[in-house]
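Asks: Data file structure37.cif (mmCIF, C-alpha atoms and all ligand atoms) is appended below.
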```
data_query
#
loop_
_atom_site.label_atom_id
_atom_site.label_comp_id
_atom_site.auth_asym_id
_atom_site.auth_seq_id
_atom_site.Cartn_x
_atom_site.Cartn_y
_atom_site.Cartn_z
CA MET A 1 -7.88 -30.17 -0.50
CA GLU A 2 -7.04 -32.89 -2.93
CA ARG A 3 -6.74 -36.33 -1.37
CA ILE A 4 -3.98 -38.73 -2.34
CA LEU A 5 -3.45 -42.30 -1.33
CA TYR A 6 0.02 -43.12 -0.13
CA PHE A 7 1.93 -46.41 0.07
CA PRO A 8 4.77 -46.17 2.62
CA GLY A 9 6.54 -49.55 2.60
CA CYS A 10 8.74 -50.86 5.38
CA ALA A 11 11.76 -48.55 5.12
CA LEU A 12 9.63 -45.41 5.44
CA LYS A 13 8.33 -46.68 8.78
CA ASP A 14 11.81 -47.46 10.06
CA GLN A 15 15.21 -46.25 8.78
CA ALA A 16 13.70 -43.69 6.46
CA ARG A 17 11.10 -42.26 8.83
CA GLY A 18 12.54 -38.78 8.33
CA TYR A 19 11.86 -39.10 4.59
CA GLU A 20 8.21 -39.90 5.26
CA GLU A 21 7.70 -37.14 7.82
CA ALA A 22 9.37 -34.48 5.68
CA SER A 23 7.51 -35.52 2.51
CA LEU A 24 4.11 -35.63 4.17
CA ALA A 25 4.68 -32.23 5.79
CA ALA A 26 5.71 -30.80 2.41
CA LEU A 27 2.69 -32.29 0.64
CA ALA A 28 0.37 -30.87 3.29
CA LYS A 29 1.98 -27.47 2.76
CA LEU A 30 1.31 -27.85 -0.97
CA GLY A 31 -2.34 -28.46 -0.19
CA TYR A 32 -2.66 -32.23 -0.39
CA GLU A 33 -4.39 -34.44 2.10
CA VAL A 34 -2.35 -37.62 2.23
CA LYS A 35 -4.05 -40.80 3.30
CA GLU A 36 -2.04 -43.91 4.06
CA LEU A 37 -3.20 -46.97 2.13
CA PRO A 38 -5.15 -49.14 4.60
CA ARG A 39 -3.75 -52.64 5.26
CA TRP A 40 -0.80 -52.19 2.92
CA ASN A 41 1.70 -55.03 2.69
CA CYS A 42 5.29 -55.44 1.53
CA CYS A 43 5.89 -54.58 -2.13
CA GLY A 44 8.33 -57.49 -2.43
CA THR A 45 11.34 -55.12 -2.78
CA VAL A 46 12.72 -56.78 -5.91
CA TYR A 47 10.60 -57.38 -8.98
CA SER A 48 10.83 -60.97 -10.13
CA LEU A 49 12.68 -61.42 -13.40
CA ALA A 50 11.62 -65.05 -13.89
CA GLN A 51 8.73 -65.73 -16.24
CA ASP A 52 7.00 -68.29 -14.06
CA GLU A 53 7.01 -66.60 -10.67
CA LEU A 54 3.40 -65.50 -10.57
CA MET A 55 3.55 -65.64 -6.77
CA ARG A 56 5.80 -62.61 -6.65
CA HIS A 57 3.05 -60.42 -8.08
CA VAL A 58 0.56 -61.32 -5.38
CA GLY A 59 1.95 -58.87 -2.81
CA PRO A 60 2.02 -55.88 -5.14
CA VAL A 61 -1.41 -56.66 -6.62
CA ARG A 62 -2.94 -56.93 -3.14
CA ASN A 63 -1.86 -53.32 -2.60
CA LEU A 64 -3.51 -52.33 -5.87
CA ILE A 65 -6.70 -54.04 -4.65
CA ARG A 66 -6.55 -51.99 -1.42
CA ALA A 67 -6.36 -48.85 -3.57
CA GLN A 68 -9.28 -50.07 -5.68
CA GLU A 69 -11.31 -50.52 -2.49
CA GLU A 70 -10.58 -46.90 -1.63
CA GLY A 71 -11.92 -45.86 -5.01
CA ALA A 72 -8.50 -44.47 -5.97
CA ASP A 73 -6.86 -44.66 -9.36
CA GLU A 74 -3.42 -43.70 -8.12
CA ILE A 75 -1.01 -44.60 -5.31
CA LEU A 76 1.87 -42.36 -4.32
CA THR A 77 5.19 -43.93 -3.31
CA LEU A 78 8.28 -42.35 -1.78
CA CYS A 79 10.68 -45.31 -1.78
CA SER A 80 11.99 -45.89 -5.28
CA MET A 81 12.19 -49.66 -4.75
CA CYS A 82 8.50 -49.80 -3.80
CA TYR A 83 7.73 -47.60 -6.78
CA ASN A 84 9.57 -49.97 -9.08
CA THR A 85 8.05 -53.26 -7.92
CA LEU A 86 4.51 -51.90 -7.59
CA ARG A 87 4.53 -50.11 -10.92
CA ARG A 88 5.99 -53.09 -12.77
CA SER A 89 3.42 -55.42 -11.28
CA ALA A 90 0.71 -52.95 -12.26
CA ARG A 91 2.10 -53.15 -15.81
CA PHE A 92 2.28 -56.95 -15.64
CA VAL A 93 -1.42 -57.32 -14.87
CA GLU A 94 -2.35 -55.08 -17.78
CA ASP A 95 -2.10 -58.34 -19.72
CA PRO A 96 -5.60 -59.87 -19.38
CA GLU A 97 -4.33 -63.45 -19.10
CA SER A 98 -1.87 -62.55 -16.32
CA LEU A 99 -4.59 -60.63 -14.52
CA ARG A 100 -6.98 -63.58 -14.81
CA ARG A 101 -4.43 -65.98 -13.36
CA ILE A 102 -3.55 -63.66 -10.46
CA ASN A 103 -7.20 -63.11 -9.63
CA ALA A 104 -7.92 -66.84 -9.77
CA PHE A 105 -4.98 -67.46 -7.45
CA MET A 106 -6.07 -64.89 -4.86
CA ASP A 107 -9.42 -66.39 -4.02
CA ASP A 108 -9.50 -64.57 -0.67
CA GLU A 109 -9.52 -61.15 -2.34
CA PRO A 110 -11.95 -59.30 -4.56
CA ASP A 111 -10.80 -59.36 -8.18
CA TYR A 112 -8.44 -56.64 -9.22
CA ARG A 113 -9.98 -54.80 -12.15
CA GLY A 114 -6.87 -52.92 -13.24
CA GLY A 115 -6.40 -49.22 -13.74
CA VAL A 116 -4.57 -48.20 -10.55
CA GLU A 117 -1.41 -46.28 -11.42
CA VAL A 118 1.63 -46.11 -9.18
CA VAL A 119 3.43 -42.77 -9.09
CA HIS A 120 6.59 -41.69 -7.39
CA LEU A 121 6.95 -38.46 -5.44
CA VAL A 122 9.27 -36.99 -8.09
CA GLN A 123 6.62 -37.56 -10.78
CA PHE A 124 3.97 -36.15 -8.52
CA LEU A 125 6.02 -32.99 -7.96
CA GLU A 126 6.70 -32.70 -11.68
CA GLU A 127 2.95 -32.82 -12.27
CA ILE A 128 2.36 -30.09 -9.72
CA GLY A 129 4.63 -28.03 -11.94
CA VAL A 130 7.63 -25.79 -11.48
CA GLU A 131 5.55 -22.63 -11.16
CA LYS A 132 3.32 -23.75 -8.34
CA LEU A 133 6.24 -25.36 -6.56
CA ALA A 134 8.45 -22.30 -6.95
CA ARG A 135 5.68 -20.13 -5.47
CA ALA A 136 5.62 -22.37 -2.39
CA VAL A 137 9.37 -22.10 -1.78
CA VAL A 138 9.99 -19.86 1.20
CA ARG A 139 13.59 -20.76 1.95
CA PRO A 140 15.37 -21.19 -1.40
CA LEU A 141 18.49 -23.30 -1.09
CA HIS A 142 20.67 -20.73 -2.86
CA GLY A 143 24.34 -21.54 -3.04
CA LEU A 144 23.96 -25.26 -2.34
CA ARG A 145 25.50 -27.58 -4.93
CA LEU A 146 23.09 -30.48 -4.83
CA ALA A 147 23.67 -33.65 -6.88
CA ALA A 148 20.82 -36.04 -7.61
CA TYR A 149 21.78 -39.68 -7.41
CA TYR A 150 19.08 -41.57 -9.32
CA GLY A 151 20.42 -45.11 -8.97
CA CYS A 152 18.51 -47.87 -10.75
CA THR A 153 14.92 -48.21 -9.73
CA LEU A 154 13.64 -44.78 -10.77
CA LEU A 155 15.09 -45.27 -14.25
CA ARG A 156 15.06 -48.92 -15.23
CA PRO A 157 13.46 -50.69 -16.95
CA LYS A 158 12.30 -48.11 -19.50
CA GLU A 159 8.60 -48.93 -18.97
CA VAL A 160 8.70 -47.43 -15.48
CA ALA A 161 11.42 -44.80 -15.92
CA VAL A 162 10.52 -41.43 -14.40
CA ASP A 163 12.61 -39.80 -17.13
CA HIS A 164 15.17 -40.71 -19.80
CA PRO A 165 17.01 -43.78 -18.40
CA ASP A 166 20.51 -42.50 -19.31
CA ARG A 167 20.06 -38.72 -19.29
CA PRO A 168 17.38 -37.89 -16.74
CA GLU A 169 16.70 -34.28 -15.74
CA ILE A 170 13.61 -34.54 -13.59
CA LEU A 171 15.47 -34.30 -10.28
CA GLU A 172 17.71 -31.51 -11.53
CA ARG A 173 14.60 -29.52 -12.39
CA LEU A 174 13.39 -30.05 -8.85
CA VAL A 175 16.76 -29.03 -7.40
CA SER A 176 16.66 -25.80 -9.44
CA THR A 177 13.10 -25.10 -8.38
CA LEU A 178 14.17 -25.40 -4.75
CA GLY A 179 16.80 -22.77 -5.42
CA ALA A 180 19.86 -25.01 -5.26
CA GLU A 181 22.38 -25.57 -8.01
CA PRO A 182 22.03 -28.99 -9.68
CA VAL A 183 25.27 -30.92 -10.11
CA LEU A 184 25.58 -33.60 -12.79
CA PHE A 185 28.08 -36.41 -12.32
CA PRO A 186 28.75 -39.50 -14.44
CA GLU A 187 27.78 -42.03 -11.78
CA ARG A 188 24.36 -40.52 -11.07
CA VAL A 189 22.45 -43.20 -12.99
CA GLU A 190 24.66 -46.13 -12.04
CA CYS A 191 23.97 -48.91 -9.55
CA CYS A 192 25.28 -48.74 -5.96
CA GLY A 193 25.20 -52.53 -5.66
CA ALA A 194 21.79 -52.62 -3.97
CA TYR A 195 21.11 -55.83 -2.04
CA LEU A 196 24.58 -57.15 -2.88
CA THR A 197 25.49 -55.19 0.24
CA VAL A 198 24.49 -58.32 2.19
CA PRO A 199 26.45 -61.03 0.33
CA ARG A 200 29.16 -58.82 -1.24
CA PRO A 201 29.92 -55.73 0.85
CA ASP A 202 33.37 -55.64 -0.80
CA ILE A 203 31.87 -54.96 -4.22
CA VAL A 204 29.39 -52.43 -2.87
CA ARG A 205 32.20 -50.58 -1.10
CA GLU A 206 33.99 -50.26 -4.43
CA ARG A 207 30.86 -49.01 -6.15
CA VAL A 208 30.15 -46.49 -3.42
CA GLY A 209 33.74 -45.25 -3.64
CA GLU A 210 33.29 -44.64 -7.38
CA ILE A 211 29.99 -42.86 -6.88
CA LEU A 212 31.26 -40.58 -4.11
CA ARG A 213 34.48 -39.75 -5.94
CA SER A 214 32.54 -38.99 -9.10
CA ALA A 215 30.13 -36.70 -7.19
CA GLY A 216 33.02 -35.10 -5.31
CA LEU A 217 34.94 -34.31 -8.49
CA ALA A 218 31.85 -32.64 -9.90
CA GLY A 219 31.71 -30.43 -6.83
CA ALA A 220 28.65 -31.89 -5.11
CA GLN A 221 28.15 -30.68 -1.53
CA ALA A 222 25.25 -33.01 -0.85
CA LEU A 223 23.55 -35.95 -2.56
CA LEU A 224 19.85 -36.43 -3.09
CA THR A 225 18.23 -39.85 -3.26
CA ALA A 226 14.79 -41.45 -3.19
CA CYS A 227 16.04 -44.87 -2.17
CA PRO A 228 16.63 -45.99 1.41
CA LEU A 229 18.93 -48.78 0.20
CA CYS A 230 21.08 -46.39 -1.85
CA LYS A 231 21.30 -44.14 1.21
CA PHE A 232 22.31 -47.04 3.42
CA ASN A 233 25.03 -48.11 1.00
CA LEU A 234 26.33 -44.59 0.38
CA GLU A 235 26.66 -44.07 4.11
CA GLU A 236 27.51 -47.47 5.51
CA ARG A 237 29.75 -48.75 2.71
CA ARG A 238 31.80 -45.63 2.13
CA PRO A 239 35.39 -46.80 1.69
CA LEU A 240 38.22 -45.08 3.52
CA GLY A 241 39.47 -42.12 1.55
CA ALA A 242 36.28 -41.53 -0.43
CA PRO A 243 34.77 -38.08 0.03
CA ARG A 244 32.24 -37.79 2.82
CA ILE A 245 29.25 -36.25 1.08
CA PRO A 246 26.04 -36.12 3.13
CA VAL A 247 23.04 -37.92 1.62
CA PHE A 248 19.49 -36.64 1.95
CA TYR A 249 16.11 -37.73 0.69
CA VAL A 250 14.28 -35.82 -2.02
CA GLY A 251 11.43 -35.13 0.41
CA GLU A 252 13.83 -33.64 2.96
CA ALA A 253 15.26 -31.02 0.60
CA LEU A 254 11.72 -30.23 -0.50
CA ALA A 255 10.61 -29.76 3.10
CA TRP A 256 13.56 -27.45 3.88
CA ALA A 257 12.73 -25.21 0.93
CA LEU A 258 9.03 -25.15 1.76
CA GLY A 259 9.87 -24.17 5.30
CA VAL A 260 8.29 -27.18 7.00
CA ARG A 261 11.50 -28.82 8.20
CA GLU A 262 14.54 -27.29 9.79
CA ILE A 263 17.60 -27.08 7.58
CA PRO A 264 20.40 -29.11 9.17
CA ALA A 265 23.39 -27.05 10.29
CA GLU A 266 25.77 -28.78 7.85
CA ILE A 267 23.57 -27.64 4.96
CA GLY A 268 22.67 -24.26 6.44
CA LYS A 269 26.28 -23.18 6.53
CA LEU A 270 26.61 -23.90 2.79
CA LEU A 271 23.74 -21.63 1.83
CA SER A 272 24.64 -18.22 0.47
CA THR A 273 22.01 -16.74 2.77
CA GLY A 274 23.66 -18.40 5.78
CA VAL A 275 21.91 -20.58 8.34
CA THR A 276 18.20 -20.00 8.10
CA GLY A 277 17.05 -22.65 10.54
CA MET B 1 32.92 -84.52 -49.02
CA ALA B 2 29.72 -86.38 -48.78
CA GLY B 3 26.63 -85.10 -47.08
CA GLU B 4 25.55 -81.64 -46.12
CA LEU B 5 26.41 -79.74 -43.03
CA SER B 6 23.13 -78.76 -41.51
CA LEU B 7 23.03 -76.38 -38.62
CA SER B 8 19.72 -75.80 -36.96
CA ARG B 9 18.62 -74.54 -33.62
CA ALA B 10 16.67 -77.74 -33.01
CA ARG B 11 19.86 -79.79 -33.40
CA LEU B 12 22.16 -77.50 -31.49
CA GLU B 13 20.05 -76.42 -28.61
CA ALA B 14 20.73 -78.25 -25.39
CA PRO B 15 17.78 -78.86 -23.04
CA PHE B 16 19.30 -76.62 -20.35
CA VAL B 17 19.36 -73.74 -22.82
CA ARG B 18 15.69 -74.28 -23.52
CA LYS B 19 15.11 -74.05 -19.78
CA VAL B 20 16.98 -70.73 -19.64
CA GLU B 21 14.85 -69.44 -22.52
CA GLU B 22 11.70 -70.55 -20.76
CA LEU B 23 12.60 -68.97 -17.42
CA SER B 24 13.92 -65.73 -18.89
CA GLY B 25 11.53 -65.34 -21.80
CA GLN B 26 14.61 -64.32 -23.80
CA ASN B 27 16.21 -65.57 -26.97
CA PRO B 28 19.99 -65.82 -26.47
CA TYR B 29 20.47 -66.41 -30.21
CA ALA B 30 19.36 -62.83 -30.87
CA CYS B 31 22.65 -61.63 -29.38
CA TYR B 32 25.33 -60.70 -31.94
CA GLN B 33 28.11 -60.34 -29.37
CA CYS B 34 28.65 -56.62 -29.67
CA GLY B 35 29.74 -56.51 -26.04
CA LYS B 36 27.77 -53.41 -25.11
CA CYS B 37 26.31 -55.19 -22.09
CA ALA B 38 29.77 -56.04 -20.76
CA ALA B 39 31.11 -52.58 -21.52
CA GLY B 40 28.50 -50.93 -19.35
CA CYS B 41 28.32 -53.49 -16.56
CA LEU B 42 29.84 -52.00 -13.42
CA PHE B 43 30.12 -55.43 -11.87
CA ALA B 44 31.89 -57.09 -14.81
CA GLU B 45 35.32 -56.80 -13.24
CA HIS B 46 34.17 -59.19 -10.52
CA MET B 47 32.68 -61.68 -12.95
CA ASP B 48 34.38 -64.84 -14.17
CA LEU B 49 32.42 -64.56 -17.42
CA LEU B 50 31.38 -61.23 -18.91
CA PRO B 51 27.65 -60.81 -19.57
CA ASN B 52 28.15 -61.30 -23.34
CA GLN B 53 30.27 -64.40 -22.67
CA VAL B 54 27.46 -65.86 -20.58
CA ILE B 55 25.18 -65.43 -23.60
CA ARG B 56 27.82 -66.86 -25.94
CA LEU B 57 28.12 -70.06 -23.91
CA LEU B 58 24.35 -70.40 -24.03
CA GLN B 59 24.44 -70.02 -27.81
CA LEU B 60 27.06 -72.76 -27.94
CA GLY B 61 25.15 -74.95 -25.50
CA ASP B 62 28.16 -75.07 -23.18
CA GLU B 63 27.09 -76.28 -19.75
CA ALA B 64 30.05 -74.55 -18.12
CA VAL B 65 27.79 -71.51 -17.98
CA LEU B 66 25.78 -73.22 -15.24
CA GLN B 67 28.82 -73.11 -12.95
CA ALA B 68 29.59 -69.45 -13.64
CA LYS B 69 29.86 -67.04 -10.73
CA ALA B 70 28.82 -64.08 -12.90
CA PRO B 71 25.06 -64.34 -12.22
CA TRP B 72 25.75 -64.14 -8.46
CA VAL B 73 27.67 -60.91 -8.88
CA CYS B 74 25.03 -59.40 -11.16
CA ALA B 75 23.01 -56.84 -9.19
CA SER B 76 20.03 -56.83 -11.58
CA CYS B 77 20.71 -53.15 -12.19
CA LEU B 78 19.30 -53.48 -15.73
CA ALA B 79 21.94 -51.20 -17.25
CA CYS B 80 22.67 -53.91 -19.85
CA THR B 81 18.98 -54.55 -20.43
CA VAL B 82 18.19 -50.95 -21.39
CA ARG B 83 21.24 -50.71 -23.64
CA CYS B 84 21.27 -53.96 -25.64
CA PRO B 85 20.78 -53.05 -29.30
CA LYS B 86 19.16 -56.45 -29.91
CA GLY B 87 16.63 -56.10 -27.13
CA VAL B 88 18.02 -59.00 -25.13
CA ASP B 89 17.07 -58.65 -21.48
CA ILE B 90 20.37 -59.93 -20.09
CA ALA B 91 19.31 -59.37 -16.49
CA ARG B 92 16.52 -61.91 -17.05
CA ILE B 93 19.02 -64.41 -18.41
CA MET B 94 21.18 -63.92 -15.31
CA GLU B 95 18.06 -64.43 -13.21
CA ALA B 96 17.23 -67.67 -15.03
CA LEU B 97 20.73 -68.99 -14.36
CA ARG B 98 20.41 -68.15 -10.65
CA GLN B 99 16.97 -69.72 -10.51
CA MET B 100 18.23 -72.97 -12.03
CA ALA B 101 20.65 -73.35 -9.12
CA LEU B 102 18.30 -71.99 -6.45
CA ARG B 103 15.54 -74.38 -7.47
CA GLN B 104 17.89 -77.25 -6.80
CA GLY B 105 18.53 -75.77 -3.37
CA LEU B 106 21.95 -74.47 -4.36
CA SER B 107 23.53 -71.07 -3.86
CA PRO B 108 27.23 -70.20 -3.77
CA VAL B 109 26.48 -67.04 -1.80
CA GLN B 110 27.31 -66.35 1.84
CA PHE B 111 25.72 -63.53 3.79
CA HIS B 112 27.68 -61.02 5.83
CA LEU B 113 25.42 -60.12 8.69
CA ASP B 114 27.73 -57.41 9.97
CA ARG B 115 25.24 -54.57 10.02
CA GLU B 116 21.73 -53.74 10.95
CA TYR B 117 20.48 -53.82 7.40
CA PRO B 118 17.35 -52.09 6.21
CA GLN B 119 14.61 -54.65 5.51
CA ILE B 120 14.80 -53.90 1.80
CA ALA B 121 18.43 -55.07 1.72
CA LEU B 122 17.67 -58.33 3.49
CA VAL B 123 14.42 -59.15 1.70
CA GLY B 124 16.07 -58.28 -1.61
CA ALA B 125 19.10 -60.46 -0.93
CA TYR B 126 17.06 -63.40 0.34
CA ARG B 127 14.80 -63.26 -2.68
CA LYS B 128 17.56 -62.94 -5.22
CA VAL B 129 20.26 -65.30 -4.04
CA THR B 130 18.95 -67.82 -1.52
CA PRO B 131 17.03 -71.00 -2.35
S1 LIG C 1 24.47 -55.93 -25.66
FE1 LIG C 1 22.98 -57.45 -26.43
S2 LIG C 1 23.69 -58.00 -28.50
FE2 LIG C 1 25.41 -56.93 -27.48
S3 LIG C 1 26.62 -58.62 -26.58
FE3 LIG C 1 25.19 -57.95 -24.99
S4 LIG C 1 23.40 -59.28 -25.22
FE4 LIG C 1 24.62 -59.46 -27.10
S1 LIG C 2 21.97 -56.35 -14.78
FE1 LIG C 2 23.70 -57.58 -14.11
S2 LIG C 2 24.84 -58.07 -15.98
FE2 LIG C 2 23.47 -56.36 -16.46
S3 LIG C 2 24.73 -54.52 -16.16
FE3 LIG C 2 23.62 -54.90 -14.23
S4 LIG C 2 25.02 -56.15 -12.99
FE4 LIG C 2 25.77 -56.22 -15.13
#
```
Would you mind writing the structure in this file as structure tokens?
Ligand code: SF4
Ligand code: SF4
Replies:
Amino acid sequence: MERILYFPGCALKDQARGYEEASLAALAKLGYEVKELPRWNCCGTVYSLAQDELMRHVGPVRNLIRAQEEGADEILTLCSMCYNTLRRSARFVEDPESLRRINAFMDDEPDYRGGVEVVHLVQFLEEIGVEKLARAVVRPLHGLRLAAYYGCTLLRPKEVAVDHPDRPEILERLVSTLGAEPVLFPERVECCGAYLTVPRPDIVRERVGEILRSAGLAGAQALLTACPLCKFNLEERRPLGAPRIPVFYVGEALAWALGVREIPAEIGKLLSTGVTG
Amino acid sequence: MAGELSLSRARLEAPFVRKVEELSGQNPYACYQCGKCAAGCLFAEHMDLLPNQVIRLLQLGDEAVLQAKAPWVCASCLACTVRCPKGVDIARIMEALRQMALRQGLSPVQFHLDREYPQIALVGAYRKVTP
């Protein structure tokens, strides 16, 4: 069994617990032993865009140090916001001067030596490969029109994009491998409003309306996301009159198809094979 | 007409613009006002100044840009950043403008605590728009 080190982040231990459980069950089924990163701390959620905020890299880099202590050269993330902040900080400290300053600042930690890569579940699955994944599918999601909503943090900036930032296909490949029919819609790479949900719910409601209408017009029966904040907004900020399209995590659809999680009734009835439990 | 008209960045650039450049690591003068950033910004309709107008005021050294509401509506989605043909990271310029207010303890933003938010929403919002 291959061992992988996993960084959960706060949402996966709370609102998105189902995402964690489903993903870990699916990875075990695929033959991976998943170990949670010891003493992990918050990723910071939003990567700092100011040049002088060295402080904001301390949290992410501490997590990279924890991975280094485990002798790992890779951390797996499920939450796309964690993926984004951790991977960008990992890129930031590739610059020797930035790394030196961070290490000097964190005098309570062993020096980070660099070289730990941060990967997202969708990249990890892509690496496993369509063939191996397809062989593991026991309950193909035939008949389900499944639309991947990428949002921002899997795609931007370019340096951390899991695929082409404007025309990604990585999630559609996964959807096909799971047996469902991928649905493309114009809003799939656009922002839901993210944290503006706290100061400006009005704007986020408008955005969510656009996204749901766009997905609805394309014929999506369910949406797939890797972001707990996107999911929250798509569900909690749905304006009146916008289509009610259920939102699931990437790891959940994976776990249904691999037969390690029960398919919810609302999805089961859409499958051409009927409810398969 | 006597004398020469000499335009130079050193003469035109206001100190606050230099601060924006420093905080963002971006050169606003690289922008040629094509408007692609504004065209693709899904939040532009709520902005008092479009993203390219924000940059234009910086180029002109117009301090009105410091009062703009646009940076507080910007969601740092980076759509503009990945599309700018001149490589200007507009999201970083928006961030610099927010930071200049936040570091003086100022923020025009009010929170709506009407939901049980996921931590990532709250931590994100606190980090981006509160002093
Ligand atoms: S896309 Fe770039 S060059 Fe075009 S207006 Fe915006 S900042 Fe200027
Ligand atoms: S980063 Fe800000 S300015 Fe740029 S497209 Fe997104 S919301 Fe608009």
Asks: Counting all atoms listed in the file, collect the residues of chain B whose closest atom lies at most 10 Å from chain A, and write them out as number ranges by chain.
Replies: B: 20-26, 40-43, 45-46, 72-79, 81-83, 89, 91-99, 109-115, 117-129
Asks: Leaving out A:Glu252 and any residue of its chain fewer than 3 positions from it, which residues lie within 7 Å of it when counting all atoms listed in the file, given as a PyMOL selection string?
Replies: chain A and resi 19+22-23+248-249+255-256
Asks: Just the selected residues (C-alpha atoms), exported as an mmCIF file, keeping the file's coordinate frame, please.
Replies:
```cif
data_model
loop_
_atom_site.group_PDB
_atom_site.id
_atom_site.type_symbol
_atom_site.label_atom_id
_atom_site.label_comp_id
_atom_site.auth_asym_id
_atom_site.auth_seq_id
_atom_site.Cartn_x
_atom_site.Cartn_y
_atom_site.Cartn_z
ATOM 1 C CA TYR A 19 11.860 -39.100 4.590
ATOM 2 C CA ALA A 22 9.370 -34.480 5.680
ATOM 3 C CA SER A 23 7.510 -35.520 2.510
ATOM 4 C CA PHE A 248 19.490 -36.640 1.950
ATOM 5 C CA TYR A 249 16.110 -37.730 0.690
ATOM 6 C CA ALA A 255 10.610 -29.760 3.100
ATOM 7 C CA TRP A 256 13.560 -27.450 3.880
#
```
Asks: Using all atoms listed in the file, determine which residues lie at most 9 Å from A:His57, disregarding the query and same-chain residues fewer than 2 positions distant; provide the list as a list in words.
Replies: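 Near neighbours after the sequence-gap exclusion: Cys43, Gly44, Tyr47, Ser48, Glu53, Leu54, Met55, Gly59, Pro60, Val61, Arg62, Thr85, Leu86, Ser89, Ala90, Phe92, Val93 and Ile102 of chain A.
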Asks: So what do you get for atom CA of A:Pro182 versus atom CA of A:Glu262, distance-wise?
Replies: 20.9 Å
Asks: Using all atoms listed in the file, which residue out of B:Ala39, B:Val17, B:Ile55, B:Leu50 lies closest to B:Ile90?
Replies: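 Among B:Ala39, B:Val17, B:Ile55, B:Leu50, it is B:Ile55 that comes nearest to B:Ile90.
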Asks: Have a look at B:Ala68, B:Cys31, B:Ala38, B:Met100 and name the one nearest to B:Val88; count all atoms listed in the file.
Replies: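 Among the listed residues, B:Cys31 lies closest to B:Val88.
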Asks: Determine, counting all atoms listed in the file, which protein, DNA and RNA residues have an atom within 8 Å of an atom of stretch 209-217 of chain A; residues of the same chain fewer than 3 positions away are not included. Present the result as a VMD selection string.
Replies: chain A and resid 147 184 to 188 192 205 to 206 220 to 221 234 238 to 239 242 to 245
Asks: At a cut-off of 7 Å around ligand LIG 1 (chain C), and using all atoms listed in the file, what residues come up? Please write them as an MDAnalysis selection string.
Replies: chainID B and resid 30:38 51:52 55 80 83:88 90
Asks: Which polymer residues have any atom within 8 Å of an atom of A:Arg173, counting only C-alpha atoms, with same-chain residues fewer than 3 positions away left out, as a PDB file with C-alpha atoms, keeping the file's coordinate frame?
Replies:
```pdb
ATOM      1  CA  VAL A 130       7.630 -25.790 -11.480  1.00  0.00           C
ATOM      2  CA  GLU A 169      16.700 -34.280 -15.740  1.00  0.00           C
ATOM      3  CA  ILE A 170      13.610 -34.540 -13.590  1.00  0.00           C
ATOM      4  CA  SER A 176      16.660 -25.800  -9.440  1.00  0.00           C
ATOM      5  CA  THR A 177      13.100 -25.100  -8.380  1.00  0.00           C
ATOM      6  CA  PRO A 182      22.030 -28.990  -9.680  1.00  0.00           C
TER       7      PRO A 182
END
```
Asks: Quote the spacing between atom CA of B:Gln104 and atom CA of A:Ser98 in Å to one decimal place.
Replies: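 Interatomic distance, atom CA of B:Gln104 to atom CA of A:Ser98: 26.4 Å.
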Asks: For the point (7.0, -35.5, -3.8) in file coordinates, what residues are within 9 Å, counting all atoms listed in the file? Give the answer as a VMD selection string?
Replies: chain A and resid 23 to 24 26 to 27 76 to 78 120 to 126 250 to 251 254
